[in-house]
Amino acid sequence: MRNLLITIDGPAGAGKSTVSRLLAERLGYRYVDTGALYRGVAVAADRHGVDPADDAALGRLLSGLELRFRPQAGGQRLLDGELDITEAIRTPAISMLASTVSARPVVRAFLLEIQRGLGREKAAVFEGRDMGTVVFPEADVKFFLSASEPARARRRFEELRAKTGSACLAEVERDM
Ligand code: DC
């Protein structure tokens, strides 16, 4: 089968990560979690005390950023230079900051190029919010995944509870 570029978009909690990972595994393709890249920018902004509203400071931060995925048995790691930030990107505070930085055009433009570079060789499943529309409008196969609001909130709640040991469903619903 020829190498395809596959995109999976949809809102938070729709089940994109699970589906994308399984599909990539089944096809022997690379799985690219683009939300992790936005989270990587958030971790760097947090570490360097950069105000996400300050475009000049964000621009300087981005020019020194070296985000890359390192394949590893049982999943992949996200590195910024030599710093492994795989766990750091998953905290609730970083989720909030990732959402803020993802609204900044300077960040979206920077990650657009990185994502397109990662997609050049195809044979990949890209998961995100704007994969089939903005990043890869020419993708071979595009999916949009959704689920009911209660199902999405419950999934995020359970994810958070597993990670932090405690979470409040009403709070998750409100945040989403
Ligand atoms: O899917 P996620 O929760 O890991 O994504 C982290 C943040 O980045 C979230 O606020 C949505 C945003 N995001 C985006 O704007 N575009 C993407 N392609 C992927 C994620």
# chains A, B, ... in the order shown; residues from 1 in each chain; ligands from 1
call {"tool": "residues_around", "arguments": {"residues": "A:Pro52", "least_positions_apart": "6", "cutoff": "12 Å", "atoms": "only C-alpha atoms", "output": "list in words"}}
result
Val41, Ala42, Val43, Ala44, Ala45, Asp46, Leu58, Gly59, Arg60, Leu61, Leu62, Met96, Leu97, Ala98, Ser99, Thr100, Val101, Ser102, Ala103, Arg104, Pro105, Val106 and Val107 of chain A
call {"tool": "closest_atom_pairs", "arguments": {"of": "chain A", "to": "ligand 1", "cutoff": "10 Å", "atoms": "only C-alpha atoms and all ligand atoms", "output": "CSV"}}
result
residue,atom,partner,partner_atom_place_in_ligand_line,distance
A:Ile8,CA,ligand 1,18 (N),9.7
A:Asp9,CA,ligand 1,18 (N),7.8
A:Gly10,CA,ligand 1,1 (O),8.9
A:Pro11,CA,ligand 1,1 (O),7.9
A:Ala12,CA,ligand 1,1 (O),6.1
A:Gly13,CA,ligand 1,3 (O),8.2
A:Ala14,CA,ligand 1,1 (O),9.8
A:Gly15,CA,ligand 1,1 (O),9.9
A:Lys16,CA,ligand 1,1 (O),8.2
A:Ser17,CA,ligand 1,1 (O),8.0
A:Asp33,CA,ligand 1,4 (O),7.3
A:Thr34,CA,ligand 1,19 (C),4.9
A:Gly35,CA,ligand 1,5 (O),3.6
A:Ala36,CA,ligand 1,4 (O),5.2
A:Leu37,CA,ligand 1,19 (C),7.6
A:Tyr38,CA,ligand 1,8 (O),4.9
A:Arg39,CA,ligand 1,6 (C),5.6
A:Gly40,CA,ligand 1,6 (C),9.2
A:Val41,CA,ligand 1,8 (O),9.6
A:Ala42,CA,ligand 1,7 (C),9.1
A:Ile89,CA,ligand 1,4 (O),8.5
A:Arg90,CA,ligand 1,4 (O),8.0
A:Ile94,CA,ligand 1,6 (C),8.7
A:Ser95,CA,ligand 1,6 (C),6.2
A:Met96,CA,ligand 1,10 (O),7.0
A:Leu97,CA,ligand 1,10 (O),7.9
A:Ala98,CA,ligand 1,7 (C),4.9
A:Ser99,CA,ligand 1,10 (O),3.3
A:Thr100,CA,ligand 1,10 (O),7.0
A:Val101,CA,ligand 1,8 (O),7.9
A:Ser102,CA,ligand 1,15 (O),4.8
A:Ala103,CA,ligand 1,15 (O),6.8
A:Arg104,CA,ligand 1,15 (O),9.4
A:Val107,CA,ligand 1,15 (O),9.6
A:Arg108,CA,ligand 1,15 (O),7.7
A:Leu111,CA,ligand 1,18 (N),8.8
A:Leu112,CA,ligand 1,18 (N),8.9
A:Gln115,CA,ligand 1,18 (N),9.0
A:Phe126,CA,ligand 1,18 (N),8.7
A:Glu127,CA,ligand 1,18 (N),6.9
A:Gly128,CA,ligand 1,18 (N),3.7
A:Arg129,CA,ligand 1,18 (N),4.1
A:Asp130,CA,ligand 1,18 (N),5.0
A:Met131,CA,ligand 1,18 (N),6.0
A:Gly132,CA,ligand 1,18 (N),9.6
A:Val134,CA,ligand 1,18 (N),9.1
A:Val135,CA,ligand 1,18 (N),8.2
A:Arg156,CA,ligand 1,3 (O),9.5
A:Met176,CA,ligand 1,10 (O),10.0
call {"tool": "atom_distance", "arguments": {"atom1": "atom CA of A:Glu138", "atom2": "atom CA of A:Arg70"}}
result
26.2 Å
call {"tool": "closest_residue", "arguments": {"among": "A:Val19, A:Ile85, A:Cys168, A:Ala93", "to": "A:Ala153", "atoms": "only C-alpha atoms"}}
result
A:Cys168
call {"tool": "closest_residue", "arguments": {"among": "A:Arg2, A:Thr7, A:Leu67, A:Tyr31", "to": "A:Leu79", "atoms": "only C-alpha atoms"}}
result
A:Leu67
call {"tool": "atom_distance", "arguments": {"atom1": "atom CA of A:Asp80", "atom2": "atom CA of A:Gly119"}}
result
19.3 Å
call {"tool": "atom_distance", "arguments": {"atom1": "atom CA of A:Ala88", "atom2": "atom CA of A:Tyr29"}}
result
25.7 Å
call {"tool": "closest_residue", "arguments": {"among": "A:Glu149, A:Arg30, A:Ser20, A:Pro92", "to": "A:Ala167", "atoms": "only C-alpha atoms"}}
result
A:Pro92
call {"tool": "select_by_dssp", "arguments": {"residues": "chain A", "states": "helix (DSSP H, G or I)", "output": "count of residues only"}}
result
92
call {"tool": "closest_residue", "arguments": {"among": "A:Ser146, A:Lys163, A:Phe157, A:Val125", "to": "A:Glu87", "atoms": "only C-alpha atoms"}}
result
A:Lys163
call {"tool": "closest_residue", "arguments": {"among": "A:Leu145, A:Ala139, A:Ala124, A:Leu65", "to": "A:Phe110", "atoms": "only C-alpha atoms"}}
result
A:Leu65
call {"tool": "residues_around", "arguments": {"residues": "A:Leu169", "least_positions_apart": "6", "cutoff": "12 Å", "atoms": "only C-alpha atoms", "output": "list in words"}}
result
Pro150, Ala151, Arg152, Ala153, Arg154, Arg155, Arg156, Phe157, Glu158, Glu159, Leu160, Arg161, Asp175 and Met176 of chain A
call {"tool": "select_by_dssp", "arguments": {"residues": "stretch 2-163 of chain A", "states": "strand (DSSP E)", "output": "ChimeraX atom specification"}}
result
/A:5-9,30-33,67-72,75-80,83-84,124-128,141-144
call {"tool": "write_last_selection", "arguments": {"atoms": "N, CA, C and O atoms", "output": "short mmCIF file (atom, residue, chain, number, x, y, z; two decimals), in the first residue's frame"}}
result
data_model
loop_
_atom_site.label_atom_id
_atom_site.label_comp_id
_atom_site.auth_asym_id
_atom_site.auth_seq_id
_atom_site.Cartn_x
_atom_site.Cartn_y
_atom_site.Cartn_z
N LEU A 5 -0.88 10.04 4.11
CA LEU A 5 -0.86 10.99 5.22
C LEU A 5 -2.30 11.09 5.72
O LEU A 5 -3.21 11.43 4.96
N ILE A 6 -2.49 10.73 6.97
CA ILE A 6 -3.83 10.65 7.55
C ILE A 6 -3.96 11.68 8.67
O ILE A 6 -3.06 11.83 9.49
N THR A 7 -5.07 12.41 8.68
CA THR A 7 -5.28 13.40 9.74
C THR A 7 -6.51 13.04 10.57
O THR A 7 -7.50 12.56 10.03
N ILE A 8 -6.41 13.30 11.86
CA ILE A 8 -7.55 13.07 12.76
C ILE A 8 -7.73 14.32 13.61
O ILE A 8 -6.88 14.66 14.44
N ASP A 9 -8.81 15.04 13.37
CA ASP A 9 -9.12 16.25 14.13
C ASP A 9 -10.36 16.04 14.98
O ASP A 9 -11.12 15.10 14.75
N ARG A 30 3.89 6.34 11.54
CA ARG A 30 4.27 7.19 12.66
C ARG A 30 3.03 7.87 13.22
O ARG A 30 2.14 8.27 12.46
N TYR A 31 2.98 8.03 14.52
CA TYR A 31 1.88 8.76 15.15
C TYR A 31 2.43 10.11 15.60
O TYR A 31 3.44 10.17 16.29
N VAL A 32 1.78 11.19 15.19
CA VAL A 32 2.26 12.52 15.60
C VAL A 32 1.17 13.24 16.38
O VAL A 32 0.12 13.60 15.83
N ASP A 33 1.44 13.43 17.66
CA ASP A 33 0.52 14.11 18.57
C ASP A 33 0.87 15.60 18.55
O ASP A 33 1.78 16.04 19.23
N LEU A 67 12.09 21.34 19.61
CA LEU A 67 11.17 20.26 19.95
C LEU A 67 11.33 19.11 18.97
O LEU A 67 11.37 19.31 17.76
N ARG A 68 11.43 17.89 19.51
CA ARG A 68 11.46 16.72 18.63
C ARG A 68 10.96 15.50 19.38
O ARG A 68 11.07 15.42 20.61
N PHE A 69 10.40 14.57 18.62
CA PHE A 69 9.92 13.32 19.20
C PHE A 69 11.03 12.29 19.07
O PHE A 69 11.71 12.21 18.05
N ARG A 70 11.21 11.51 20.13
CA ARG A 70 12.18 10.41 20.06
C ARG A 70 11.42 9.11 20.24
O ARG A 70 10.81 8.87 21.29
N PRO A 71 11.42 8.26 19.20
CA PRO A 71 10.69 6.99 19.29
C PRO A 71 11.29 6.12 20.40
O PRO A 71 12.50 6.12 20.59
N GLN A 72 10.44 5.39 21.07
CA GLN A 72 10.90 4.52 22.14
C GLN A 72 9.87 3.42 22.31
O GLN A 72 8.68 3.67 22.10
N GLY A 75 5.91 3.77 23.35
CA GLY A 75 5.51 5.18 23.24
C GLY A 75 6.67 6.02 22.76
O GLY A 75 7.74 5.49 22.47
N GLN A 76 6.46 7.31 22.65
CA GLN A 76 7.57 8.16 22.24
C GLN A 76 7.78 9.27 23.25
O GLN A 76 6.88 9.61 24.00
N ARG A 77 8.99 9.79 23.28
CA ARG A 77 9.33 10.86 24.21
C ARG A 77 9.32 12.18 23.46
O ARG A 77 9.56 12.21 22.26
N LEU A 78 9.03 13.27 24.20
CA LEU A 78 9.14 14.60 23.60
C LEU A 78 10.33 15.30 24.25
O LEU A 78 10.42 15.37 25.48
N LEU A 79 11.24 15.78 23.41
CA LEU A 79 12.42 16.46 23.92
C LEU A 79 12.43 17.92 23.48
O LEU A 79 11.95 18.25 22.39
N ASP A 80 12.98 18.77 24.35
CA ASP A 80 13.31 20.14 23.96
C ASP A 80 14.82 20.20 24.10
O ASP A 80 15.34 20.27 25.22
N LEU A 83 16.50 18.07 26.86
CA LEU A 83 15.61 17.98 28.01
C LEU A 83 14.37 17.15 27.68
O LEU A 83 13.65 17.47 26.73
N ASP A 84 14.13 16.08 28.45
CA ASP A 84 12.96 15.23 28.24
C ASP A 84 11.76 15.86 28.96
O ASP A 84 11.76 15.98 30.19
N ALA A 124 2.07 8.56 8.01
CA ALA A 124 1.90 9.09 9.36
C ALA A 124 0.43 9.39 9.64
O ALA A 124 -0.35 9.67 8.73
N VAL A 125 0.09 9.30 10.92
CA VAL A 125 -1.23 9.71 11.40
C VAL A 125 -1.02 10.95 12.26
O VAL A 125 -0.33 10.89 13.28
N PHE A 126 -1.56 12.09 11.83
CA PHE A 126 -1.44 13.35 12.57
C PHE A 126 -2.71 13.63 13.34
O PHE A 126 -3.78 13.71 12.74
N GLU A 127 -2.54 13.82 14.63
CA GLU A 127 -3.69 14.12 15.48
C GLU A 127 -3.64 15.57 15.93
O GLU A 127 -2.59 16.06 16.35
N GLY A 128 -4.77 16.29 15.81
CA GLY A 128 -4.77 17.67 16.29
C GLY A 128 -6.12 18.34 16.17
O GLY A 128 -7.16 17.71 16.35
N VAL A 141 -6.27 11.10 3.64
CA VAL A 141 -7.49 10.68 4.34
C VAL A 141 -7.66 11.58 5.55
O VAL A 141 -6.71 11.79 6.31
N LYS A 142 -8.86 12.16 5.71
CA LYS A 142 -9.11 13.07 6.83
C LYS A 142 -10.29 12.57 7.67
O LYS A 142 -11.33 12.26 7.11
N PHE A 143 -10.07 12.53 8.97
CA PHE A 143 -11.16 12.16 9.87
C PHE A 143 -11.47 13.34 10.79
O PHE A 143 -10.57 14.09 11.17
N PHE A 144 -12.74 13.49 11.12
CA PHE A 144 -13.12 14.41 12.20
C PHE A 144 -13.87 13.57 13.21
O PHE A 144 -14.90 12.97 12.91
#
